[in-house]
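**Student:** As input, take coords07.tsv (TSV, C-alpha atoms (C1' of nucleotides)):
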chain	number	residue	atom	x	y	z
A	134	MET	CA	-39.61	28.89	56.50
A	135	ALA	CA	-43.02	28.40	54.99
A	136	GLY	CA	-45.83	26.50	56.47
A	137	GLU	CA	-47.49	23.25	55.69
A	138	VAL	CA	-45.71	21.59	52.83
A	139	GLN	CA	-48.34	18.94	53.18
A	140	ASN	CA	-47.43	17.18	50.00
A	141	ALA	CA	-43.84	18.32	50.00
A	142	SER	CA	-44.25	19.84	46.57
A	143	PHE	CA	-41.80	17.40	45.09
A	144	ALA	CA	-40.22	14.83	47.31
A	145	GLY	CA	-43.42	13.44	48.74
A	146	VAL	CA	-45.16	12.50	45.53
A	147	GLU	CA	-45.42	8.84	44.75
A	148	LEU	CA	-44.29	7.97	41.25
A	149	GLY	CA	-45.26	4.33	41.09
A	150	PRO	CA	-44.88	2.83	37.63
A	151	LEU	CA	-43.48	6.08	36.32
A	152	ARG	CA	-40.27	5.18	38.06
A	153	GLU	CA	-39.78	2.73	35.24
A	154	ASN	CA	-41.35	4.67	32.43
A	155	LEU	CA	-38.88	5.81	29.82
A	156	PRO	CA	-41.01	8.41	28.08
A	157	PHE	CA	-41.62	10.10	31.40
A	158	LEU	CA	-38.06	9.88	32.66
A	159	THR	CA	-36.41	11.01	29.47
A	160	ARG	CA	-38.74	13.93	29.20
A	161	ALA	CA	-38.29	14.98	32.80
A	162	LEU	CA	-34.52	14.68	32.69
A	163	ARG	CA	-34.42	16.54	29.45
A	164	ALA	CA	-36.51	19.34	30.89
A	165	TYR	CA	-34.26	19.70	33.90
A	166	ILE	CA	-31.11	19.66	31.86
A	167	ARG	CA	-32.42	22.17	29.38
A	168	ALA	CA	-33.34	24.49	32.19
A	169	GLU	CA	-29.88	24.29	33.68
A	170	ASN	CA	-28.13	24.57	30.38
A	171	ALA	CA	-30.02	27.63	29.26
A	172	ASP	CA	-27.87	30.02	31.25
A	173	PHE	CA	-24.79	28.01	30.57
A	174	TYR	CA	-25.21	28.18	26.81
A	175	ALA	CA	-26.20	31.80	26.91
A	176	ALA	CA	-22.95	32.59	28.71
A	177	LEU	CA	-21.04	30.82	25.97
A	178	ASP	CA	-23.13	32.47	23.29
A	179	ALA	CA	-23.69	28.99	21.93
A	180	GLU	CA	-26.58	28.00	19.72
A	181	GLN	CA	-28.77	25.05	20.43
A	182	GLY	CA	-26.84	21.92	19.53
A	183	GLU	CA	-23.77	23.77	18.42
A	184	ILE	CA	-21.44	22.10	20.87
A	185	VAL	CA	-22.56	18.65	19.98
A	186	VAL	CA	-22.12	19.33	16.31
A	187	LEU	CA	-18.62	20.64	16.77
A	188	SER	CA	-17.77	17.63	18.84
A	189	VAL	CA	-18.98	15.01	16.39
A	190	ILE	CA	-17.48	16.68	13.37
A	191	GLY	CA	-14.20	17.09	15.14
A	192	LEU	CA	-14.09	13.37	15.71
A	193	ASN	CA	-15.37	12.44	12.27
A	194	PRO	CA	-13.91	14.88	9.81
A	195	GLY	CA	-15.35	14.57	6.36
A	196	MET	CA	-18.66	13.18	7.53
A	197	SER	CA	-21.85	14.10	5.71
A	198	GLN	CA	-24.82	16.05	6.99
A	199	ASN	CA	-26.97	12.99	6.76
A	200	ASP	CA	-24.65	11.08	9.00
A	201	LEU	CA	-24.68	13.99	11.34
A	202	ALA	CA	-28.45	14.00	11.40
A	203	ALA	CA	-28.61	10.28	12.08
A	204	THR	CA	-26.07	10.52	14.84
A	205	LEU	CA	-27.63	13.43	16.63
A	206	VAL	CA	-31.21	12.38	15.93
A	207	PHE	CA	-32.10	15.50	14.04
A	208	LYS	CA	-33.88	15.79	10.74
A	209	LYS	CA	-31.67	16.81	7.91
A	210	SER	CA	-33.57	20.05	7.53
A	211	ALA	CA	-32.63	20.96	11.08
A	212	ILE	CA	-29.03	20.03	10.42
A	213	THR	CA	-28.87	22.36	7.48
A	214	LYS	CA	-29.71	25.30	9.66
A	215	LEU	CA	-27.29	24.33	12.40
A	216	VAL	CA	-24.45	23.70	10.06
A	217	LYS	CA	-24.95	26.77	7.94
A	218	ASP	CA	-24.93	28.88	11.02
A	219	LEU	CA	-21.68	27.36	12.24
A	220	GLU	CA	-20.18	27.85	8.84
A	221	ALA	CA	-21.24	31.47	8.78
A	222	ARG	CA	-19.57	31.99	12.11
A	223	GLY	CA	-16.41	30.45	10.78
A	224	TYR	CA	-16.33	27.35	12.90
A	225	LEU	CA	-16.67	24.73	10.23
A	226	GLU	CA	-16.17	24.16	6.57
A	227	ARG	CA	-18.42	22.45	4.12
A	228	ALA	CA	-16.63	21.28	1.04
A	229	LYS	CA	-18.37	19.31	-1.63
A	230	SER	CA	-16.90	15.87	-1.56
A	231	ALA	CA	-14.68	15.29	-4.59
A	232	SER	CA	-15.81	11.74	-5.12
A	233	ASP	CA	-19.50	12.52	-4.82
A	234	ARG	CA	-20.43	16.12	-5.11
A	235	ARG	CA	-23.78	15.63	-3.46
A	236	PHE	CA	-22.06	15.25	-0.14
A	237	ASN	CA	-20.92	18.02	2.05
A	238	ALA	CA	-17.74	16.89	3.70
A	239	LEU	CA	-17.81	18.59	7.06
A	240	GLN	CA	-14.81	19.55	9.05
A	241	LEU	CA	-13.85	22.01	11.70
A	242	SER	CA	-11.95	25.12	10.85
A	243	ALA	CA	-9.03	26.13	13.00
A	244	ALA	CA	-11.35	28.50	14.80
A	245	GLY	CA	-13.82	25.67	15.29
A	246	GLN	CA	-11.22	23.40	16.79
A	247	GLU	CA	-10.10	26.11	19.07
A	248	ARG	CA	-13.62	26.93	20.13
A	249	TYR	CA	-14.39	23.33	20.84
A	250	ALA	CA	-11.22	22.90	22.85
A	251	ARG	CA	-12.06	25.94	24.87
A	252	ILE	CA	-15.65	24.89	25.47
A	253	SER	CA	-15.18	21.23	26.15
A	254	ASP	CA	-13.74	21.84	29.57
A	255	LEU	CA	-16.77	23.81	30.58
A	256	ILE	CA	-19.04	21.09	29.29
A	257	ALA	CA	-17.22	18.52	31.33
A	258	GLN	CA	-17.62	20.68	34.41
A	259	GLN	CA	-21.30	21.14	33.75
A	260	ASN	CA	-21.70	17.44	33.21
A	261	ALA	CA	-19.92	16.71	36.44
A	262	VAL	CA	-22.48	18.75	38.30
A	263	PHE	CA	-25.27	16.64	36.92
A	264	LEU	CA	-23.42	13.54	37.98
A	265	GLU	CA	-22.56	14.56	41.49
A	266	PRO	CA	-24.45	11.75	43.16
A	267	PHE	CA	-22.61	9.06	41.21
A	268	SER	CA	-19.27	7.45	41.81
A	269	THR	CA	-16.89	7.01	38.92
A	270	ALA	CA	-17.87	3.41	38.50
A	271	GLU	CA	-21.53	4.28	38.60
A	272	ARG	CA	-21.10	6.94	35.98
A	273	ALA	CA	-19.50	4.42	33.70
A	274	GLU	CA	-22.40	2.07	34.24
A	275	LEU	CA	-25.00	4.74	33.76
A	276	PHE	CA	-23.49	5.79	30.46
A	277	ASN	CA	-23.09	2.25	29.38
A	278	TYR	CA	-26.82	1.80	29.80
A	279	LEU	CA	-27.67	5.03	28.06
A	280	ASN	CA	-25.48	4.20	25.12
A	281	ARG	CA	-27.01	0.79	24.77
A	282	LEU	CA	-30.40	2.42	24.76
A	283	TYR	CA	-29.24	4.96	22.23
A	284	ARG	CA	-28.03	2.25	19.93
A	285	HIS	CA	-31.07	0.10	20.35
A	286	LEU	CA	-33.49	2.91	19.61
A	287	GLY	CA	-31.36	3.95	16.69
A	288	GLN	CA	-31.57	0.47	15.27
A	289	ARG	CA	-35.31	0.48	15.66
A	290	GLN	CA	-35.65	3.80	13.92
A	291	LEU	CA	-33.61	2.57	11.00
A	292	GLN	CA	-35.98	-0.29	10.60
A	293	ARG	CA	-39.12	1.77	11.00
A	294	THR	CA	-38.07	4.28	8.41
A	295	GLY	CA	-37.15	1.44	6.13
A	296	ASN	CA	-33.64	2.75	5.69
A	297	SER	CA	-32.17	0.09	3.51
A	298	SER	CA	-28.48	0.55	4.06
A	299	ALA	CA	-26.38	0.23	7.10
A	300	ILE	CA	-28.82	-1.56	9.30
A	301	ALA	CA	-25.93	-3.86	9.89
A	302	GLU	CA	-25.06	-4.17	13.49
A	303	SER	CA	-23.53	-1.53	15.64
A	304	ARG	CA	-20.73	-3.12	17.46
A	305	ASP	CA	-21.48	-3.73	21.08
A	306	ASP	CA	-18.43	-3.11	23.12
B	2	MET	CA	-28.77	-2.63	-1.19
B	3	ALA	CA	-27.20	0.76	-1.73
B	4	GLY	CA	-23.62	1.45	-2.48
B	5	GLU	CA	-20.85	2.83	-0.43
B	6	VAL	CA	-22.06	3.38	3.09
B	7	GLN	CA	-18.63	4.71	3.64
B	8	ASN	CA	-19.41	6.18	6.99
B	9	ALA	CA	-22.19	3.76	7.79
B	10	SER	CA	-24.67	6.54	8.26
B	11	PHE	CA	-25.09	5.72	11.89
B	12	ALA	CA	-23.14	2.85	13.30
B	13	GLY	CA	-19.76	3.99	12.08
B	14	VAL	CA	-19.71	7.44	13.58
B	15	GLU	CA	-17.41	7.98	16.49
B	16	LEU	CA	-19.11	9.64	19.43
B	17	GLY	CA	-16.14	10.20	21.69
B	18	PRO	CA	-16.95	12.34	24.72
B	19	LEU	CA	-20.58	12.49	23.68
B	20	ARG	CA	-20.91	8.97	24.97
B	21	GLU	CA	-20.80	10.53	28.39
B	22	ASN	CA	-22.61	13.73	27.68
B	23	LEU	CA	-25.99	13.95	29.36
B	24	PRO	CA	-27.44	16.81	27.36
B	25	PHE	CA	-26.70	14.95	24.16
B	26	LEU	CA	-27.90	11.56	25.36
B	27	THR	CA	-31.09	12.76	26.95
B	28	ARG	CA	-31.98	14.73	23.89
B	29	ALA	CA	-31.25	11.89	21.52
B	30	LEU	CA	-33.13	9.35	23.57
B	31	ARG	CA	-36.03	11.71	23.93
B	32	ALA	CA	-36.15	12.28	20.20
B	33	TYR	CA	-36.18	8.57	19.47
B	34	ILE	CA	-38.84	7.87	22.02
B	35	ARG	CA	-41.03	10.70	20.87
B	36	ALA	CA	-40.84	9.43	17.33
B	37	GLU	CA	-41.87	5.96	18.35
B	38	ASN	CA	-44.57	7.14	20.69
B	39	ALA	CA	-46.21	9.41	18.17
B	40	ASP	CA	-48.07	6.61	16.44
B	41	PHE	CA	-48.69	4.89	19.71
B	42	TYR	CA	-50.35	7.87	21.30
B	43	ALA	CA	-52.30	8.67	18.19
B	44	ALA	CA	-53.74	5.17	18.24
B	45	LEU	CA	-54.86	5.72	21.83
B	46	ASP	CA	-56.18	9.16	21.01
B	47	ALA	CA	-54.08	10.37	23.94
B	48	GLU	CA	-52.86	13.90	24.36
B	49	GLN	CA	-49.28	14.74	25.08
B	50	GLY	CA	-48.59	13.90	28.71
B	51	GLU	CA	-52.08	12.68	29.44
B	52	ILE	CA	-51.02	9.24	30.49
B	53	VAL	CA	-48.42	10.46	32.88
B	54	VAL	CA	-50.86	12.86	34.48
B	55	LEU	CA	-53.46	10.16	34.99
B	56	SER	CA	-50.85	7.92	36.48
B	57	VAL	CA	-49.52	10.38	39.03
B	58	ILE	CA	-52.91	11.62	40.09
B	59	GLY	CA	-54.16	8.09	40.46
B	60	LEU	CA	-51.35	7.41	42.88
B	61	ASN	CA	-51.60	10.74	44.71
B	62	PRO	CA	-55.27	11.64	44.91
B	63	GLY	CA	-55.89	15.11	46.22
B	64	MET	CA	-52.57	16.47	45.03
B	65	SER	CA	-52.32	20.03	43.77
B	66	GLN	CA	-51.47	21.26	40.32
B	67	ASN	CA	-48.28	22.77	41.59
B	68	ASP	CA	-47.16	19.42	42.92
B	69	LEU	CA	-48.08	17.91	39.63
B	70	ALA	CA	-46.02	20.47	37.79
B	71	ALA	CA	-43.01	19.91	40.02
B	72	THR	CA	-43.27	16.15	39.65
B	73	LEU	CA	-43.62	16.10	35.89
B	74	VAL	CA	-41.28	19.02	35.31
B	75	PHE	CA	-43.85	21.16	33.60
B	76	LYS	CA	-44.65	24.80	34.22
B	77	LYS	CA	-47.87	25.39	36.01
B	78	SER	CA	-49.29	27.14	32.99
B	79	ALA	CA	-48.78	23.98	30.98
B	80	ILE	CA	-50.37	21.91	33.70
B	81	THR	CA	-53.46	24.05	33.61
B	82	LYS	CA	-54.04	23.21	30.00
B	83	LEU	CA	-53.38	19.51	30.44
B	84	VAL	CA	-55.57	19.22	33.45
B	85	LYS	CA	-58.44	21.24	32.10
B	86	ASP	CA	-58.46	19.11	29.02
B	87	LEU	CA	-58.60	15.91	31.02
B	88	GLU	CA	-61.35	17.35	33.14
B	89	ALA	CA	-63.32	18.32	30.07
B	90	ARG	CA	-63.02	14.80	28.78
B	91	GLY	CA	-64.31	13.48	32.06
B	92	TYR	CA	-61.19	11.74	33.25
B	93	LEU	CA	-60.44	13.76	36.32
B	94	GLU	CA	-62.03	16.04	38.85
B	95	ARG	CA	-60.74	19.28	40.25
B	96	ALA	CA	-62.35	20.21	43.52
B	97	LYS	CA	-61.26	23.25	45.46
B	98	SER	CA	-59.62	22.01	48.60
B	99	ALA	CA	-61.82	22.66	51.61
B	100	SER	CA	-58.97	23.61	53.89
B	101	ASP	CA	-57.35	25.95	51.39
B	102	ARG	CA	-59.48	27.03	48.54
B	103	ARG	CA	-56.56	28.12	46.43
B	104	PHE	CA	-55.71	24.49	45.83
B	105	ASN	CA	-57.26	22.27	43.28
B	106	ALA	CA	-57.43	18.82	44.76
B	107	LEU	CA	-57.00	16.53	41.80
B	108	GLN	CA	-58.38	13.04	41.55
B	109	LEU	CA	-59.36	10.63	38.86
B	110	SER	CA	-62.97	10.09	37.99
B	111	ALA	CA	-64.24	6.57	37.55
B	112	ALA	CA	-63.78	6.99	33.82
B	113	GLY	CA	-60.25	8.19	34.43
B	114	GLN	CA	-59.38	5.19	36.53
B	115	GLU	CA	-60.81	2.92	33.94
B	116	ARG	CA	-58.97	4.64	31.14
B	117	TYR	CA	-55.71	4.46	32.97
B	118	ALA	CA	-56.18	0.80	33.77
B	119	ARG	CA	-56.91	0.09	30.14
B	120	ILE	CA	-53.94	2.05	28.88
B	121	SER	CA	-51.31	1.05	31.38
B	122	ASP	CA	-50.91	-2.39	29.86
B	123	LEU	CA	-50.14	-0.92	26.49
B	124	ILE	CA	-47.64	1.44	28.01
B	125	ALA	CA	-45.87	-1.42	29.68
B	126	GLN	CA	-45.70	-3.24	26.37
B	127	GLN	CA	-44.33	-0.20	24.65
B	128	ASN	CA	-41.80	0.27	27.38
B	129	ALA	CA	-40.74	-3.35	27.09
B	130	VAL	CA	-39.88	-2.80	23.47
B	131	PHE	CA	-37.54	0.01	24.37
B	132	LEU	CA	-35.90	-2.20	26.93
B	133	GLU	CA	-35.41	-5.29	24.81
B	134	PRO	CA	-31.64	-5.31	25.10
B	135	PHE	CA	-31.72	-5.35	28.89
B	136	SER	CA	-32.15	-8.17	31.32
B	137	THR	CA	-34.51	-7.76	34.23
B	138	ALA	CA	-31.68	-6.97	36.57
B	139	GLU	CA	-30.23	-4.47	34.16
B	140	ARG	CA	-33.55	-2.71	33.78
B	141	ALA	CA	-33.75	-2.33	37.52
B	142	GLU	CA	-30.29	-0.85	37.57
B	143	LEU	CA	-30.95	1.45	34.66
B	144	PHE	CA	-34.06	2.83	36.29
B	145	ASN	CA	-32.32	3.14	39.58
B	146	TYR	CA	-29.78	5.40	37.93
B	147	LEU	CA	-32.38	7.41	36.08
B	148	ASN	CA	-34.39	7.98	39.22
B	149	ARG	CA	-31.37	9.09	41.13
B	150	LEU	CA	-30.64	11.55	38.36
B	151	TYR	CA	-34.23	12.71	38.35
B	152	ARG	CA	-34.10	13.38	42.07
B	153	HIS	CA	-30.74	15.06	41.94
B	154	LEU	CA	-31.73	17.42	39.17
B	155	GLY	CA	-34.99	18.10	40.92
B	156	GLN	CA	-33.13	19.10	44.05
B	157	ARG	CA	-30.93	21.39	42.05
B	158	GLN	CA	-33.84	23.07	40.41
B	159	LEU	CA	-35.48	23.69	43.74
B	160	GLN	CA	-32.38	25.47	44.88
B	161	ARG	CA	-31.91	27.44	41.70
B	162	THR	CA	-35.43	28.75	41.69
B	163	GLY	CA	-35.00	29.65	45.31
B	164	ASN	CA	-38.02	27.63	46.29
B	165	SER	CA	-37.98	28.11	50.00
B	166	SER	CA	-40.01	25.20	51.23
B	167	ALA	CA	-39.41	21.54	50.96
B	168	ILE	CA	-35.83	21.61	49.87
B	169	ALA	CA	-35.35	19.11	52.63
B	170	GLU	CA	-33.98	15.89	51.42
B	171	SER	CA	-35.64	13.42	49.15
B	172	ARG	CA	-35.17	10.09	50.70
B	173	ASP	CA	-32.55	8.04	48.97
B	174	ASP	CA	-33.63	4.47	48.94
C	143	DC	C1'	-30.10	9.60	-22.35
C	144	DG	C1'	-33.74	8.68	-18.97
C	145	DC	C1'	-35.41	6.90	-14.59
C	146	DG	C1'	-34.98	6.29	-9.81
C	147	DT	C1'	-32.42	7.55	-5.78
C	148	DT	C1'	-29.83	10.26	-2.58
C	149	DA	C1'	-27.79	14.73	-0.32
C	150	DG	C1'	-28.96	18.88	0.81
C	151	DT	C1'	-31.92	23.25	0.88
C	152	DT	C1'	-35.85	26.02	1.76
C	153	DC	C1'	-39.87	27.37	3.83
C	154	DA	C1'	-44.30	27.32	5.81
C	155	DT	C1'	-46.31	25.14	9.70
C	156	DC	C1'	-47.08	22.98	13.91
C	157	DC	C1'	-46.91	22.30	18.66
C	158	DA	C1'	-44.90	22.22	22.99
C	159	DT	C1'	-43.21	25.38	26.26
C	160	DT	C1'	-42.46	29.82	28.19
C	161	DG	C1'	-43.19	34.38	30.44
C	162	DA	C1'	-45.78	37.83	32.12
C	163	DA	C1'	-49.73	39.81	33.78
C	164	DC	C1'	-53.81	38.77	36.08
C	165	DT	C1'	-57.42	36.87	39.84
C	166	DA	C1'	-58.43	34.71	44.01
C	167	DA	C1'	-57.35	32.94	48.40
C	168	DT	C1'	-54.54	32.77	52.38
C	169	DA	C1'	-51.07	34.08	55.98
C	170	DA	C1'	-48.88	37.36	58.94
C	171	DG	C1'	-48.58	41.48	61.62
C	172	DG	C1'	-49.75	45.66	63.63
D	293	DC	C1'	-59.98	44.11	61.22
D	294	DC	C1'	-57.15	46.14	57.48
D	295	DT	C1'	-52.87	46.07	54.94
D	296	DT	C1'	-49.29	43.77	52.69
D	297	DA	C1'	-46.87	39.78	50.94
D	298	DT	C1'	-47.24	35.24	49.25
D	299	DT	C1'	-49.12	31.31	46.90
D	300	DA	C1'	-52.34	28.51	43.54
D	301	DG	C1'	-54.09	28.76	39.45
D	302	DT	C1'	-55.52	31.02	34.85
D	303	DT	C1'	-54.92	33.25	30.55
D	304	DC	C1'	-52.75	34.53	26.48
D	305	DA	C1'	-49.38	36.22	23.44
D	306	DA	C1'	-44.88	34.91	21.86
D	307	DT	C1'	-40.98	31.90	21.19
D	308	DG	C1'	-38.45	28.28	19.35
D	309	DG	C1'	-37.48	23.70	18.32
D	310	DA	C1'	-38.79	20.34	15.17
D	311	DT	C1'	-41.39	18.62	11.14
D	312	DG	C1'	-43.02	17.77	6.34
D	313	DA	C1'	-43.17	18.68	1.76
D	314	DA	C1'	-41.61	20.46	-2.31
D	315	DC	C1'	-37.57	21.67	-4.59
D	316	DT	C1'	-32.49	21.44	-6.78
D	317	DA	C1'	-28.47	19.03	-7.82
D	318	DA	C1'	-25.71	15.04	-8.38
D	319	DC	C1'	-25.13	10.30	-8.94
D	320	DG	C1'	-25.99	5.27	-10.61
D	321	DC	C1'	-27.81	2.06	-13.40
D	322	DG	C1'	-29.38	0.36	-17.21
Re-express the file's structure as structure tokens.

**Tutor:**
Amino acid sequence: MAGEVQNASFAGVELGPLRENLPFLTRALRAYIRAENADFYAALDAEQGEIVVLSVIGLNPGMSQNDLAATLVFKKSAITKLVKDLEARGYLERAKSASDRRFNALQLSAAGQERYARISDLIAQQNAVFLEPFSTAERAELFNYLNRLYRHLGQRQLQRTGNSSAIAESRDD
Amino acid sequence: MAGEVQNASFAGVELGPLRENLPFLTRALRAYIRAENADFYAALDAEQGEIVVLSVIGLNPGMSQNDLAATLVFKKSAITKLVKDLEARGYLERAKSASDRRFNALQLSAAGQERYARISDLIAQQNAVFLEPFSTAERAELFNYLNRLYRHLGQRQLQRTGNSSAIAESRDD
DNA sequence: CGCGTTAGTTCATCCATTGAACTAATAAGG
DNA sequence: CCTTATTAGTTCAATGGATGAACTAACGCG
């Protein structure tokens, strides 16, 4: 079983201020999760971001691509690709909104709903693995914090990009 | 101030299960933070990841590039580039370890220490902006959760990649 | 009508990250 | 010693996610 492990390649390294550094932590967590999800997604034959898109649209039928982009923190150009791909595979429908034909009103097809239903279990399982060390109460707290962060950073981005509308306030629960 | 905002481009979208979905949240948070940090780093003339590298090496002088990679969740090939760049700019030194000449023992140069000291304030300020909505106690809790996640996912990755040594246990504080 | 704005598309580009093949140094074992 | 396996680090070509800018189409407001 190997020799020295002087610095214990991972556990023994002192993080110091990085323990409270969001850019570092978000990047590291993201890297880990991507690595683990790679196989998982491959097994599902799922594109990058596909699951998330199906999920949001399922919950917000009729939403626009811009709203989707804002919600998922993608650029609209990236959304176009994602959404066209899902449409081509028959999982969602893009109808021009009757009231304003610039909008694409997005909604899941029957196949899309079915696919999401089938996949969502697996996602929950995968998620549970990530969360093994946390009790139910802790998970709730963790996600509460992450969602507050998500909202706060979203607010900031709205302001930075000078997006006139809808700065409003996101309701804090 | 714009018209309909029917779906309130951002605030009004229902997230549902995504509120507790780590892949989604980490990606979204990462995207926000990257966007905000872009200007910030440009102003410092800092490369991607430079600050984090300086920080860890400062705290763990003599560490190897492999340890650095494991800590920051980079591949070693990426670390090589980062570290060579910082060496070229005079911020750190790579001496072959005397005891095992395969290792590069990394440590900050005087200029590197100075640079890090100068920068770390700004990072803290930047971080504080991200954390505005949180009280001191909440920040501590948030980071406690994130670090536990970081360690847990790190453990998992060690196992997945069959890394023999050092699976051990990272001390839970 | 004509001007400004917004939703979405397209595409070329960038940059971070990866994988694989390579060198050099060490450890282990006969 | 000499051979073989392993580990640290390097190099580079390739991938892929994300971006920016230029474009079309539709709307709103005078």

**Student:** Up to 12 Å from chain B, what residues of chain C turn up? Count only C-alpha atoms (C1' of nucleotides) and give them as a list in words.

**Tutor:**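 Result: DT147, DT148, DC157, DA158, DT159, DT160, DG161, DA162, DT165, DA166, DA167, DT168 and DA169 of chain C.
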
**Student:** Taking (-43.8, 24.3, 10.1) in the file's own coordinates, collect the residues within 12 Å, counting all atoms listed in the file, and hand them back as a PyMOL selection string.

**Tutor:** (chain A and resi 210-211) or (chain C and resi 152-157) or (chain D and resi 308-313)

**Student:** Can you work out which one of B:Val74, B:Met64, B:Leu132, B:Ile80 has the shortest atom-to-atom distance to DT302 in chain D, counting only C-alpha atoms (C1' of nucleotides)?

**Tutor:** B:Ile80

**Student:** To one decimal place, how far is CA of Glu133 in chain B from CA of Arg293 in chain A in Å?

**Tutor:**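 A separation of 15.9 Å between them.
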
**Student:** Just how far from CA of Tyr151 in chain B is CA of Ser253 in chain A, in Å to one decimal?

**Tutor:**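 Computing the Euclidean distance for CA of Ser253 in chain A and CA of Tyr151 in chain B yields 24.2 Å.
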
**Student:** In terms of the shortest atom-to-atom distance over all atoms listed in the file, which of A:Ile184, A:Leu255, A:Ala231, A:Ala250 is closest to chain D?

**Tutor:**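 Once distances to chain D are computed over all atoms listed in the file, the minimum belongs to A:Ala231.
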
**Student:** What separation in Å, quoted to one decimal, exists between C1' of DG320 in chain D and CA of Lys229 in chain A?

**Tutor:**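 Spanning C1' of DG320 in chain D to CA of Lys229 in chain A is a straight-line distance of 18.3 Å.
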
**Student:** Using only C-alpha atoms (C1' of nucleotides), find each residue of chain D with at least one atom at most 8 Å away from an atom of chain A; report its shortest atom-to-atom pair and that distance in Å (one decimal), sort the rows by chain and rising residue number, and return the result as a tab-separated table.

**Tutor:**
residue	atom	partner	partner_atom	distance
D:DA310	C1'	A:Ala211	CA	7.4
D:DA317	C1'	A:Arg235	CA	7.3
D:DA318	C1'	A:Arg235	CA	5.3
D:DC319	C1'	A:Asp233	CA	7.3

**Student:** Of the candidates A:Ser230, A:Gln292, A:Asn260, A:Ser268, which shows the shortest atom-to-atom distance to chain B, using all atoms listed in the file?

**Tutor:**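 Using all atoms listed in the file, chain B sits closest to A:Asn260.
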
**Student:** At a cut-off of 12 Å, using only C-alpha atoms (C1' of nucleotides), what residues contact Phe157 in chain A? Leave out same-chain residues fewer than 2 positions from it and give the result as a PyMOL selection string.

**Tutor:** (chain A and resi 148-155+159-164) or (chain B and resi 27+30-31+34-35+38+49-54+56-57+72-75+124+128+144+147-148+151)

**Student:** Please determine, counting only C-alpha atoms, which residue among B:Asp68, B:Gly91, B:Arg152, B:Arg140 has the shortest atom-to-atom distance to chain A.

**Tutor:**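 Looking at the shortest contact to chain A, the residue is B:Asp68.
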
**Student:** Which of these, B:Tyr117, B:Tyr92, B:Phe41, B:Phe135, has the shortest distance to chain A once you count all atoms listed in the file?

**Tutor:**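 Of B:Tyr117, B:Tyr92, B:Phe41, B:Phe135, the one nearest chain A, counting all atoms listed in the file, is B:Phe135.
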
**Student:** My list of candidates is A:Ala221, A:Ala257, A:Val146, A:Val216. Which is closest to Leu201 in chain A when distances are computed with all atoms listed in the file?

**Tutor:**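 Smallest distance to Leu201 in chain A is found for A:Val216.
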